>>> print(open('target-v6.txt').read())   # compact mmCIF, C-alpha atoms and all ligand atoms
# COMPACT_ATOMS: atom_id res chain seq x y z
CA MET D 19 2.96 22.38 -1.25
CA LEU D 20 0.88 19.25 -1.43
CA ARG D 21 2.55 17.84 -4.45
CA MET D 22 5.58 15.59 -4.17
CA SER D 23 7.72 13.47 -6.37
CA GLU D 24 7.54 9.68 -6.56
CA SER D 25 10.74 9.33 -4.53
CA ASP D 26 9.31 11.64 -1.86
CA ALA D 27 6.26 9.44 -1.72
CA GLU D 28 8.48 6.36 -1.38
CA ASP D 29 10.56 7.95 1.39
CA LEU D 30 7.51 8.97 3.39
CA SER D 31 6.15 5.47 3.65
CA LEU D 32 8.96 3.05 3.06
CA ASP D 33 7.37 0.40 5.17
CA ALA D 34 3.83 1.03 4.01
CA ALA D 35 3.89 -1.99 1.71
CA ASP D 36 4.72 -4.18 4.66
CA SER D 37 2.08 -2.76 6.96
CA PRO D 38 -0.99 -4.84 7.73
CA GLU D 39 -3.33 -2.16 6.41
CA ASN D 40 -2.37 -3.21 2.90
CA GLY D 41 -5.72 -4.77 2.10
CA GLU D 42 -8.07 -6.26 4.63
CA ALA D 43 -7.20 -9.26 6.77
CA PRO D 44 -7.55 -12.62 5.02
CA SER D 45 -10.82 -14.48 5.52
CA ALA D 46 -10.91 -17.47 7.87
CA SER D 47 -11.55 -19.94 5.08
CA GLU D 48 -8.65 -18.53 3.05
CA VAL D 49 -6.31 -18.80 6.04
CA ARG D 50 -7.38 -22.42 6.47
CA LEU D 51 -6.84 -23.25 2.79
CA VAL D 52 -3.45 -21.54 2.64
CA HIS D 53 -2.35 -23.30 5.83
CA ALA D 54 -3.41 -26.68 4.42
CA ALA D 55 -1.74 -25.96 1.06
CA ARG D 56 1.47 -25.02 2.87
CA ASN D 57 1.35 -28.41 4.52
CA GLY D 58 1.17 -30.10 1.14
CA ASP D 59 -2.62 -30.48 0.86
CA HIS D 60 -3.10 -30.75 -2.86
CA ASP D 61 -6.89 -30.34 -2.75
CA ALA D 62 -6.71 -27.22 -0.60
CA PHE D 63 -4.48 -25.62 -3.20
CA GLY D 64 -6.96 -26.73 -5.86
CA GLU D 65 -9.68 -24.87 -3.97
CA LEU D 66 -7.55 -21.71 -4.05
CA VAL D 67 -7.01 -22.16 -7.79
CA LEU D 68 -10.77 -22.42 -8.37
CA ARG D 69 -11.35 -19.31 -6.26
CA TYR D 70 -8.87 -17.11 -8.06
CA GLU D 71 -8.37 -18.41 -11.59
CA ARG D 72 -11.01 -16.30 -13.34
CA ARG D 73 -9.84 -13.09 -11.73
CA VAL D 74 -6.19 -13.87 -12.50
CA LEU D 75 -7.07 -14.64 -16.11
CA LYS D 76 -8.95 -11.35 -16.41
CA VAL D 77 -5.97 -9.38 -15.09
CA VAL D 78 -3.48 -11.23 -17.32
CA ARG D 79 -5.68 -10.59 -20.37
CA ARG D 80 -5.42 -6.87 -19.75
CA PHE D 81 -1.78 -7.27 -20.81
CA VAL D 82 -1.88 -10.37 -23.04
CA LEU D 83 -5.01 -10.52 -25.16
CA ASP D 84 -4.35 -13.94 -26.68
CA LEU D 85 -6.46 -16.37 -24.65
CA GLU D 86 -4.15 -19.34 -25.07
CA GLN D 87 -1.05 -17.42 -23.99
CA ALA D 88 -2.96 -15.80 -21.13
CA THR D 89 -4.20 -19.21 -19.92
CA ASP D 90 -0.64 -20.59 -20.03
CA LEU D 91 0.50 -17.65 -17.92
CA VAL D 92 -2.30 -18.29 -15.41
CA GLN D 93 -1.27 -21.94 -15.13
CA GLU D 94 2.37 -20.95 -14.68
CA SER D 95 1.35 -18.43 -12.00
CA PHE D 96 -0.43 -21.12 -9.97
CA LEU D 97 2.46 -23.53 -10.42
CA ARG D 98 4.87 -20.90 -9.15
CA ALA D 99 2.52 -20.10 -6.28
CA PHE D 100 2.48 -23.78 -5.30
CA GLU D 101 6.27 -24.03 -5.49
CA ARG D 102 6.78 -20.89 -3.41
CA ILE D 103 3.92 -21.20 -0.98
CA GLU D 104 6.46 -21.77 1.80
CA GLN D 105 7.65 -18.19 1.24
CA PHE D 106 4.14 -16.75 1.56
CA ASP D 107 3.30 -15.03 4.84
CA PRO D 108 -0.04 -16.57 5.92
CA ALA D 109 -0.89 -13.46 7.97
CA ARG D 110 -1.44 -11.64 4.69
CA ARG D 111 -4.03 -12.08 1.99
CA PHE D 112 -3.28 -14.69 -0.64
CA GLY D 113 -4.80 -12.69 -3.54
CA PRO D 114 -2.31 -9.80 -3.84
CA TRP D 115 0.61 -12.22 -3.52
CA LEU D 116 -0.83 -14.42 -6.27
CA PHE D 117 -1.59 -11.43 -8.52
CA ARG D 118 1.96 -10.18 -8.02
CA LEU D 119 3.32 -13.53 -9.28
CA ALA D 120 0.95 -13.39 -12.26
CA VAL D 121 1.76 -9.77 -13.14
CA ASN D 122 5.51 -10.41 -12.88
CA LEU D 123 5.25 -13.51 -15.07
CA THR D 124 3.21 -11.51 -17.57
CA TYR D 125 5.86 -8.77 -17.65
CA ASP D 126 8.57 -11.40 -18.22
CA HIS D 127 6.51 -12.87 -21.03
CA LEU D 128 5.99 -9.47 -22.68
CA ARG D 129 9.70 -8.66 -22.37
CA LYS D 130 10.58 -11.98 -24.03
CA VAL D 131 8.14 -11.26 -26.86
CA ARG D 132 9.63 -7.79 -27.34
CA ARG D 133 13.19 -9.16 -27.37
CA ARG D 134 12.21 -11.86 -29.88
CA GLY D 135 10.60 -9.22 -32.08
CA ARG D 136 13.71 -7.09 -32.01
CA TRP D 137 15.93 -9.92 -33.28
CA SER D 138 13.59 -11.46 -35.80
CA LEU D 139 13.50 -10.42 -39.42
CA PHE D 140 9.76 -9.83 -39.38
CA SER D 141 7.56 -8.85 -36.46
CA ASP D 142 3.84 -8.53 -35.92
CA VAL D 143 2.65 -4.96 -36.20
CA GLY D 144 -0.67 -5.38 -34.46
CA GLN D 145 -3.39 -7.86 -33.95
CA ASP D 146 -6.98 -7.35 -34.95
CA ARG D 147 -9.30 -8.41 -32.24
CA PRO D 148 -11.76 -11.06 -33.28
CA LEU D 149 -15.37 -9.94 -33.07
CA ASP D 150 -17.42 -11.68 -30.43
CA PRO D 151 -20.34 -13.32 -32.26
CA SER D 152 -22.43 -13.42 -29.09
CA MET D 153 -22.86 -9.64 -29.21
CA ALA D 154 -25.61 -8.02 -31.26
CA ASP D 155 -23.50 -5.43 -33.04
CA PRO D 156 -20.30 -5.04 -31.17
CA ARG D 157 -18.43 -3.11 -33.84
CA ALA D 158 -19.09 0.40 -32.52
CA GLU D 159 -18.10 -0.58 -28.99
CA LEU D 160 -15.00 -2.38 -30.19
CA ASP D 161 -13.88 0.65 -32.18
CA LEU D 162 -14.06 2.86 -29.14
CA SER D 163 -12.37 0.29 -26.92
CA GLN D 164 -9.63 -0.16 -29.49
CA GLU D 165 -9.06 3.60 -29.49
CA VAL D 166 -8.84 3.59 -25.69
CA GLN D 167 -6.50 0.59 -25.81
CA MET D 168 -4.19 2.47 -28.16
CA VAL D 169 -4.10 5.50 -25.89
CA LEU D 170 -3.49 3.26 -22.90
CA ALA D 171 -0.59 1.60 -24.70
CA GLU D 172 1.16 4.98 -24.97
CA ILE D 173 1.44 5.23 -21.17
CA PRO D 174 4.69 3.90 -19.64
CA GLU D 175 4.38 0.41 -18.19
CA ALA D 176 4.71 1.31 -14.49
CA TYR D 177 1.90 3.87 -14.74
CA ARG D 178 -0.27 1.80 -17.07
CA THR D 179 -0.17 -1.12 -14.65
CA VAL D 180 -1.46 1.05 -11.82
CA LEU D 181 -4.20 2.47 -14.04
CA ILE D 182 -5.27 -1.00 -15.16
CA LEU D 183 -5.27 -2.51 -11.70
CA ARG D 184 -7.07 0.43 -10.05
CA ASP D 185 -9.39 1.82 -12.70
CA LEU D 186 -10.15 -1.24 -14.79
CA GLU D 187 -9.80 -4.11 -12.33
CA GLY D 188 -11.07 -2.21 -9.31
CA PHE D 189 -8.31 -3.10 -6.84
CA CYS D 190 -8.00 -0.50 -4.07
CA THR D 191 -4.75 1.45 -3.85
CA SER D 192 -3.47 -0.65 -0.94
CA GLU D 193 -4.05 -3.82 -2.96
CA VAL D 194 -2.30 -2.31 -5.99
CA ALA D 195 0.58 -1.45 -3.65
CA ALA D 196 0.76 -5.05 -2.47
CA ILE D 197 0.56 -6.46 -6.00
CA THR D 198 3.24 -4.19 -7.41
CA ASP D 199 5.39 -4.29 -4.26
CA ARG D 200 5.39 -0.51 -3.87
CA SER D 201 4.23 1.73 -1.04
CA GLU D 202 0.69 3.04 -1.11
CA ALA D 203 1.99 6.62 -1.31
CA THR D 204 3.91 5.72 -4.47
CA ILE D 205 0.83 4.10 -5.96
CA ARG D 206 -1.32 7.18 -5.25
CA TRP D 207 1.32 9.38 -6.87
CA ARG D 208 1.61 7.09 -9.90
CA LEU D 209 -2.16 6.85 -10.17
CA ALA D 210 -2.54 10.64 -10.34
CA GLU D 211 0.23 10.86 -12.94
CA ALA D 212 -1.20 7.96 -14.97
CA ARG D 213 -4.65 9.56 -15.09
CA LYS D 214 -3.09 12.84 -16.15
CA MET D 215 -1.13 11.06 -18.92
CA PHE D 216 -4.25 9.25 -20.06
CA LYS D 217 -6.29 12.48 -20.13
CA GLU D 218 -3.65 14.31 -22.16
CA SER D 219 -3.19 11.44 -24.65
CA TRP D 220 -6.95 10.94 -24.99
CA GLU D 221 -7.54 14.64 -25.67
CA ARG D 222 -4.69 14.72 -28.22
CA ARG D 223 -6.30 11.79 -29.99
CA GLU D 224 -9.72 13.47 -29.94
CA ARG D 225 -8.24 16.65 -31.42
CA ARG D 226 -6.52 14.65 -34.17
CA THR D 227 -9.74 12.78 -34.96
CA SER D 228 -11.86 15.95 -35.11
CA ARG D 229 -9.23 17.66 -37.28
CA GLY D 230 -9.25 14.64 -39.60
CA GLN D 231 -13.05 14.67 -39.79
CA ALA D 232 -13.09 18.43 -40.54
CA GLY D 233 -10.50 17.85 -43.26
CA SER D 234 -12.55 15.12 -44.93
CA GLU D 235 -15.73 17.22 -44.84
CA GLU D 236 -14.08 20.14 -46.66
CA MET J 9 -3.57 25.84 -2.48
CA GLU J 10 -2.11 26.37 -5.93
CA CYS J 11 -3.80 25.11 -9.09
CA SER J 12 -1.02 22.54 -9.73
CA ASP J 13 -1.72 20.98 -6.31
CA ALA J 14 -5.45 21.08 -6.98
CA ARG J 15 -4.92 19.27 -10.30
CA HIS J 16 -3.00 16.49 -8.54
CA LEU J 17 -5.97 16.05 -6.19
CA ILE J 18 -8.41 16.20 -9.13
CA HIS J 19 -6.62 13.21 -10.72
CA LEU J 20 -7.25 11.28 -7.52
CA ASP J 21 -10.78 12.60 -7.02
CA VAL J 22 -12.06 11.37 -10.39
CA GLY J 23 -11.45 7.80 -9.21
CA ASN J 24 -12.73 8.40 -5.65
CA ASP J 25 -9.23 8.11 -4.25
CA LEU J 26 -9.17 11.27 -2.11
CA ARG J 27 -8.87 11.20 1.65
CA ALA J 28 -11.35 13.18 3.72
CA GLU J 29 -8.94 16.04 4.47
CA GLU J 30 -7.94 16.26 0.80
CA GLU J 31 -11.58 16.42 -0.25
CA GLY J 32 -12.08 19.52 1.89
CA LEU J 33 -8.97 21.19 0.48
CA LEU J 34 -10.00 20.52 -3.11
CA ALA J 35 -13.58 21.64 -2.57
CA GLY J 36 -12.30 24.89 -1.03
CA HIS J 37 -10.09 25.56 -4.06
CA MET J 38 -12.67 24.61 -6.69
CA GLU J 39 -15.22 26.91 -5.14
CA HIS J 40 -13.33 29.96 -6.35
CA CYS J 41 -11.27 28.52 -9.27
CA GLY J 42 -13.24 28.17 -12.49
CA GLU J 43 -10.27 26.75 -14.41
CA CYS J 44 -9.89 23.84 -12.04
CA ARG J 45 -13.63 23.18 -12.22
CA VAL J 46 -13.32 22.91 -16.02
CA TYR J 47 -10.24 20.71 -15.60
CA HIS J 48 -12.21 18.43 -13.27
CA THR J 49 -14.99 18.04 -15.85
CA GLU J 50 -12.49 17.29 -18.63
CA THR J 51 -10.67 14.71 -16.50
CA SER J 52 -13.92 12.97 -15.59
CA ARG J 53 -14.81 12.82 -19.28
CA ALA J 54 -11.46 11.20 -20.17
CA MET J 55 -11.90 8.71 -17.33
CA ASN J 56 -15.33 7.76 -18.67
CA ALA J 57 -13.66 6.89 -21.96
CA LEU J 58 -11.17 4.68 -20.08
CA TYR J 59 -14.01 2.93 -18.23
CA VAL J 60 -15.25 1.59 -21.60
CA LEU J 61 -12.52 -1.02 -21.17
CA ARG J 62 -13.94 -2.21 -17.86
CA ASP J 63 -16.48 -4.29 -19.73
CA ASP J 64 -14.41 -4.77 -22.82
CA PRO J 65 -15.66 -8.08 -24.25
CA ALA J 66 -12.20 -8.89 -25.58
CA THR J 67 -10.69 -9.02 -22.09
CA ARG J 68 -13.62 -10.77 -20.43
CA PRO J 69 -12.28 -14.14 -19.22
CA GLU J 70 -15.14 -16.01 -20.83
CA SER J 71 -14.42 -14.41 -24.21
CA GLY J 72 -13.38 -17.29 -26.45
CA SER J 73 -12.91 -19.45 -23.39
CA THR J 74 -14.18 -22.98 -23.09
CA ASP J 75 -14.67 -22.13 -19.40
CA ARG J 76 -12.55 -25.06 -18.29
CA SER J 77 -10.62 -24.74 -15.09
CA VAL J 78 -6.83 -24.65 -15.30
CA TRP J 79 -6.68 -26.79 -12.15
CA ALA J 80 -6.62 -30.08 -14.07
CA ASN J 81 -3.46 -29.01 -15.92
CA VAL J 82 -1.88 -27.36 -12.89
CA SER J 83 -2.53 -30.45 -10.77
CA GLN J 84 -1.05 -32.71 -13.44
CA LYS J 85 2.09 -30.58 -13.67
CA ILE J 86 2.48 -30.52 -9.90
CA GLN J 87 2.29 -34.34 -9.85
CA GLN J 88 4.82 -34.57 -12.70
CA ARG J 89 7.26 -32.33 -10.90
CA ARG J 90 6.82 -34.33 -7.72
CA THR J 91 7.41 -37.74 -9.34
CA SER J 92 10.20 -36.86 -11.78
CA PRO J 93 13.55 -36.76 -9.97
CA ALA J 94 15.54 -33.59 -10.13
CA LEU J 95 17.84 -33.51 -13.14
CA ALA J 96 21.30 -34.64 -12.11
CA ARG J 97 24.25 -32.74 -13.45
CA ARG J 98 26.80 -34.63 -15.53
CA PHE J 99 30.24 -33.53 -16.62
CA ASN J 100 30.39 -33.48 -20.43
CA VAL J 101 33.87 -34.73 -21.36
CA GLN J 102 33.28 -34.14 -25.08
CA VAL J 103 32.51 -30.45 -24.57
CA ALA J 104 35.57 -29.96 -22.37
CA ALA J 105 37.86 -31.80 -24.85
CA LEU J 106 36.52 -29.80 -27.76
CA SER J 107 37.08 -26.54 -25.87
CA VAL J 108 40.71 -27.49 -25.04
CA CYS J 109 41.37 -28.43 -28.70
CA SER J 110 39.91 -25.18 -29.99
CA LEU J 111 41.91 -23.17 -27.48
CA SER J 112 45.18 -24.94 -28.40
CA LEU J 113 44.49 -24.42 -32.09
CA ALA J 114 43.84 -20.74 -31.49
CA VAL J 115 47.12 -20.36 -29.53
CA VAL J 116 49.13 -22.14 -32.26
CA THR J 117 47.55 -19.97 -34.96
CA ILE J 118 48.33 -16.78 -33.04
CA VAL J 119 51.95 -17.81 -32.42
CA GLN J 120 52.43 -18.71 -36.11
CA SER J 121 50.94 -15.47 -37.38
CA LEU J 122 53.09 -13.48 -34.96
CA SER J 123 56.29 -15.12 -36.24
CA ALA J 124 55.14 -14.65 -39.85
CA MET J 125 54.55 -10.96 -39.13
CA ARG J 126 58.05 -10.65 -37.69
CA GLY J 127 59.47 -12.26 -40.90
CA SER J 128 57.53 -9.95 -43.23
CA SER J 129 58.86 -6.84 -41.46
CA GLU J 130 62.20 -7.36 -43.34
CA PRO J 131 62.65 -5.08 -46.42
CA SER J 132 60.86 -6.28 -49.51
CA GLY J 133 60.59 -5.07 -53.09
CA TYR J 134 63.59 -7.00 -54.44
CA MET J 135 63.51 -10.27 -56.35
CA LEU J 136 64.89 -12.78 -53.87
CA SER J 137 67.01 -15.78 -54.80
CA GLN J 138 66.56 -17.33 -51.35
CA PRO J 139 63.99 -16.98 -48.65
CA VAL J 140 64.22 -13.80 -46.66
CA SER J 141 63.88 -15.60 -43.42
CA ASN J 142 67.31 -17.25 -43.91
CA LEU J 143 69.12 -13.93 -44.41
CA SER J 144 69.83 -11.05 -42.18
CA ALA J 145 69.40 -7.64 -43.86
CA PRO J 146 73.16 -6.96 -44.46
CA GLN J 147 73.55 -10.52 -45.85
CA PHE J 148 70.60 -9.88 -48.15
CA TYR J 149 72.14 -6.77 -49.69
CA GLN J 150 75.52 -8.51 -50.05
CA THR J 151 73.94 -11.45 -51.85
CA HIS J 152 72.28 -9.11 -54.29
CA GLY J 153 75.50 -7.11 -54.97
CA GLN J 154 74.09 -3.91 -53.58
CA GLY J 155 75.20 -1.68 -50.82
CA MET J 156 72.73 -1.31 -48.07
CA PRO J 157 70.50 1.69 -48.76
CA ASN J 158 71.17 4.58 -46.49
CA GLY J 159 68.86 4.90 -43.61
CA LEU J 160 67.00 1.70 -44.35
CA TYR J 161 68.54 -0.87 -42.11
CA ARG J 162 70.24 1.62 -39.89
CA GLN J 163 66.92 2.80 -38.71
CA GLN J 164 66.41 -0.53 -37.12
CA GLN J 165 69.60 -0.34 -35.11
CA PRO J 166 68.91 0.70 -31.57
CA GLN J 167 69.98 4.28 -31.05
CA PRO J 168 71.52 5.19 -27.73
CA ILE J 169 69.08 7.31 -25.81
CA PRO J 170 70.78 10.35 -24.34
CA VAL J 171 70.29 10.33 -20.66
CA LYS J 172 70.15 13.64 -18.97
CA SER J 173 71.98 13.44 -15.73
CA PRO J 174 70.36 15.48 -13.03
CA PRO J 175 72.16 18.71 -12.26
CA GLN J 176 74.54 18.07 -9.51
CA SER J 177 74.35 20.39 -6.65
CA PHE J 178 77.20 20.92 -4.38
ZN ZN D 301 -7.22 26.16 -9.70
>>> encode(input="target-v6.txt", output="structure tokens", more="lines below")
Ligand SMILES: [Zn+2]
Amino acid sequence: MLRMSESDAEDLSLDAADSPENGEAPSASEVRLVHAARNGDHDAFGELVLRYERRVLKVVRRFVLDLEQATDLVQESFLRAFERIEQFDPARRFGPWLFRLAVNLTYDHLRKVRRRGRWSLFSDVGQDRPLDPSMADPRAELDLSQEVQMVLAEIPEAYRTVLILRDLEGFCTSEVAAITDRSEATIRWRLAEARKMFKESWERRERRTSRGQAGSEE
Amino acid sequence: MECSDARHLIHLDVGNDLRAEEEGLLAGHMEHCGECRVYHTETSRAMNALYVLRDDPATRPESGSTDRSVWANVSQKIQQRRTSPALARRFNVQVAALSVCSLSLAVVTIVQSLSAMRGSSEPSGYMLSQPVSNLSAPQFYQTHGQGMPNGLYRQQQPQPIPVKSPPQSF
């Protein structure tokens, strides 16, 4: 049997997340910047911010669409990174560590929003995405992407995160493992399950849509 | 290899996440399993739908962005945190005093209601010429020229509990 459960995967490579093969070795310039930032060099940390901010913002916006909130979360992620840079192991790459801080902060933010919604008298039931005026006719594309977004939202958080980081953001499985603080075996297992969940949900949605269309034609 | 194992590998294959040895195993299975070949095609199709979000304009960082770096704000906040001294902790006497007062009030209220409950457990239903609390039950019935109802007050007298002595063995 090739197939195993998530806990099997975790047991087989408990220390995989800590192994150096999690992502490539950090570049020389990054090592220099991190070293300087750890010694209190404000400008060196600024250089790291400029290097990573766009990518961090893109990842955060996969979970929090609102630009203002996402930007606040990016700022908070860098602040936290600066405060905890002493805890960062300079032998590793800075990126996954930074993304982990950002993803965790984003989760905390989403949990807070959910809790607030549960206790408030009224809650938002969905947010229409604003159309981007720079696109010629983006409506068709947005409709499809909204459909995909809805299917994606049905997938449990732990699996959705892996799917987003690997399939939408293009991180390799070892990087996803480092960002989510799981072993690579666990990430591969979750990735396979997440893709299966997405396929099943997507096909269910397609069947519903085609049934609806057939019904309206009759 | 069983189809369920092949499907697990298919989910990884559609995103180019198979290892070399797994690729060989999957190819060997797919060669003779038509169902898994169909499953592979369907999975790839679903993944293509997901990839629409890769270039989703709504999640593009520049979407709606003024393209200003966050560094100015981050730097400012770092400076603020460096210059502002850590918040010192102060003992709030008012809060402590208020808590003690509330606690005492609660204790007094509980004690009073307990004694009131004890008083109200005396028999009622008669028009009283003096407060019940000043009279014991026999006094109460004497005052009102009535004999004590059978089984009313007596019930409150402690009854001796028969104690079974253990059988004595000789
Ligand atoms: Zn098969």
>>> residues_near_ligand(input="target-v6.txt", ligand="ligand ZN 301 (chain D)", cutoff="8 Å", atoms="only C-alpha atoms and all ligand atoms", output="JSON, numbers by chain")
{"J": [10, 11, 12, 14, 15, 37, 38, 40, 41, 42, 43, 44, 45]}
>>> closest_atom_pairs(input="target-v6.txt", of="chain J", to="chain D", cutoff="9 Å", atoms="all atoms listed in the file", output="Markdown table")
| residue | atom | partner | partner_atom | distance |
| --- | --- | --- | --- | --- |
| J:Met9 | CA | D:Met19 | CA | 7.5 |
| J:Glu10 | CA | D:Met19 | CA | 8.0 |
| J:Ser12 | CA | D:Arg21 | CA | 7.9 |
| J:Asp13 | CA | D:Arg21 | CA | 5.6 |
| J:Ala14 | CA | D:Leu20 | CA | 8.6 |
| J:Arg15 | CA | D:Lys214 | CA | 8.9 |
| J:His16 | CA | D:Ala210 | CA | 6.1 |
| J:Leu17 | CA | D:Ala210 | CA | 7.6 |
| J:Ile18 | CA | D:Ala210 | CA | 8.2 |
| J:His19 | CA | D:Ala210 | CA | 4.8 |
| J:Leu20 | CA | D:Ala210 | CA | 5.5 |
| J:Val22 | CA | D:Arg213 | CA | 9.0 |
| J:Gly23 | CA | D:Asp185 | CA | 7.2 |
| J:Asp25 | CA | D:Arg206 | CA | 8.0 |
| J:Glu50 | CA | D:Lys217 | CA | 8.0 |
| J:Thr51 | CA | D:Lys217 | CA | 6.1 |
| J:Ser52 | CA | D:Lys217 | CA | 8.9 |
| J:Arg53 | CA | D:Lys217 | CA | 8.6 |
| J:Ala54 | CA | D:Lys217 | CA | 5.3 |
| J:Met55 | CA | D:Lys217 | CA | 7.3 |
| J:Ala57 | CA | D:Val166 | CA | 6.9 |
| J:Leu58 | CA | D:Val166 | CA | 6.2 |
| J:Tyr59 | CA | D:Leu186 | CA | 6.6 |
| J:Val60 | CA | D:Ser163 | CA | 6.2 |
| J:Leu61 | CA | D:Ser163 | CA | 5.9 |
| J:Arg62 | CA | D:Leu186 | CA | 5.0 |
| J:Asp63 | CA | D:Leu186 | CA | 8.6 |
| J:Asp64 | CA | D:Ser163 | CA | 6.8 |
| J:Pro65 | CA | D:Asp150 | CA | 7.4 |
| J:Ala66 | CA | D:Arg147 | CA | 7.3 |
| J:Thr67 | CA | D:Arg79 | CA | 5.5 |
| J:Arg68 | CA | D:Lys76 | CA | 6.2 |
| J:Pro69 | CA | D:Lys76 | CA | 5.2 |
| J:Glu70 | CA | D:Arg72 | CA | 8.6 |
| J:Ser71 | CA | D:Asp150 | CA | 7.4 |
| J:Gly72 | CA | D:Leu85 | CA | 7.2 |
| J:Ser73 | CA | D:Leu85 | CA | 7.3 |
| J:Ser77 | CA | D:Leu68 | CA | 7.1 |
| J:Val78 | CA | D:Gln93 | CA | 6.2 |
| J:Trp79 | CA | D:Gly64 | CA | 6.3 |
| J:Ala80 | CA | D:Gly64 | CA | 8.9 |
| J:Asn81 | CA | D:Gln93 | CA | 7.4 |
| J:Val82 | CA | D:Gln93 | CA | 5.9 |
| J:Ser83 | CA | D:Gly64 | CA | 7.6 |
| J:Lys85 | CA | D:Leu97 | CA | 7.8 |
| J:Ile86 | CA | D:Leu97 | CA | 7.0 |
>>> atom_distance(input="target-v6.txt", atom1="CA of Phe117 (chain D)", atom2="CA of Thr198 (chain D)")
8.8 Å
>>> residues_near_point(input="target-v6.txt", point="(3.8, -3.8, -15.7)", cutoff="9 Å", atoms="all atoms listed in the file", output="mmCIF file with C-alpha atoms, in the frame of the given file")
data_model
loop_
_atom_site.group_PDB
_atom_site.id
_atom_site.type_symbol
_atom_site.label_atom_id
_atom_site.label_comp_id
_atom_site.auth_asym_id
_atom_site.auth_seq_id
_atom_site.Cartn_x
_atom_site.Cartn_y
_atom_site.Cartn_z
ATOM 1 C CA PHE D 81 -1.780 -7.270 -20.810
ATOM 2 C CA VAL D 121 1.760 -9.770 -13.140
ATOM 3 C CA ASN D 122 5.510 -10.410 -12.880
ATOM 4 C CA THR D 124 3.210 -11.510 -17.570
ATOM 5 C CA TYR D 125 5.860 -8.770 -17.650
ATOM 6 C CA PRO D 174 4.690 3.900 -19.640
ATOM 7 C CA GLU D 175 4.380 0.410 -18.190
ATOM 8 C CA ALA D 176 4.710 1.310 -14.490
ATOM 9 C CA TYR D 177 1.900 3.870 -14.740
ATOM 10 C CA ARG D 178 -0.270 1.800 -17.070
ATOM 11 C CA THR D 179 -0.170 -1.120 -14.650
ATOM 12 C CA VAL D 180 -1.460 1.050 -11.820
ATOM 13 C CA THR D 198 3.240 -4.190 -7.410
#
>>> atom_distance(input="target-v6.txt", atom1="CA of Ile103 (chain D)", atom2="CA of Gly58 (chain D)")
9.6 Å
>>> atom_distance(input="target-v6.txt", atom1="CA of Gly113 (chain D)", atom2="CA of Arg132 (chain D)")
28.3 Å
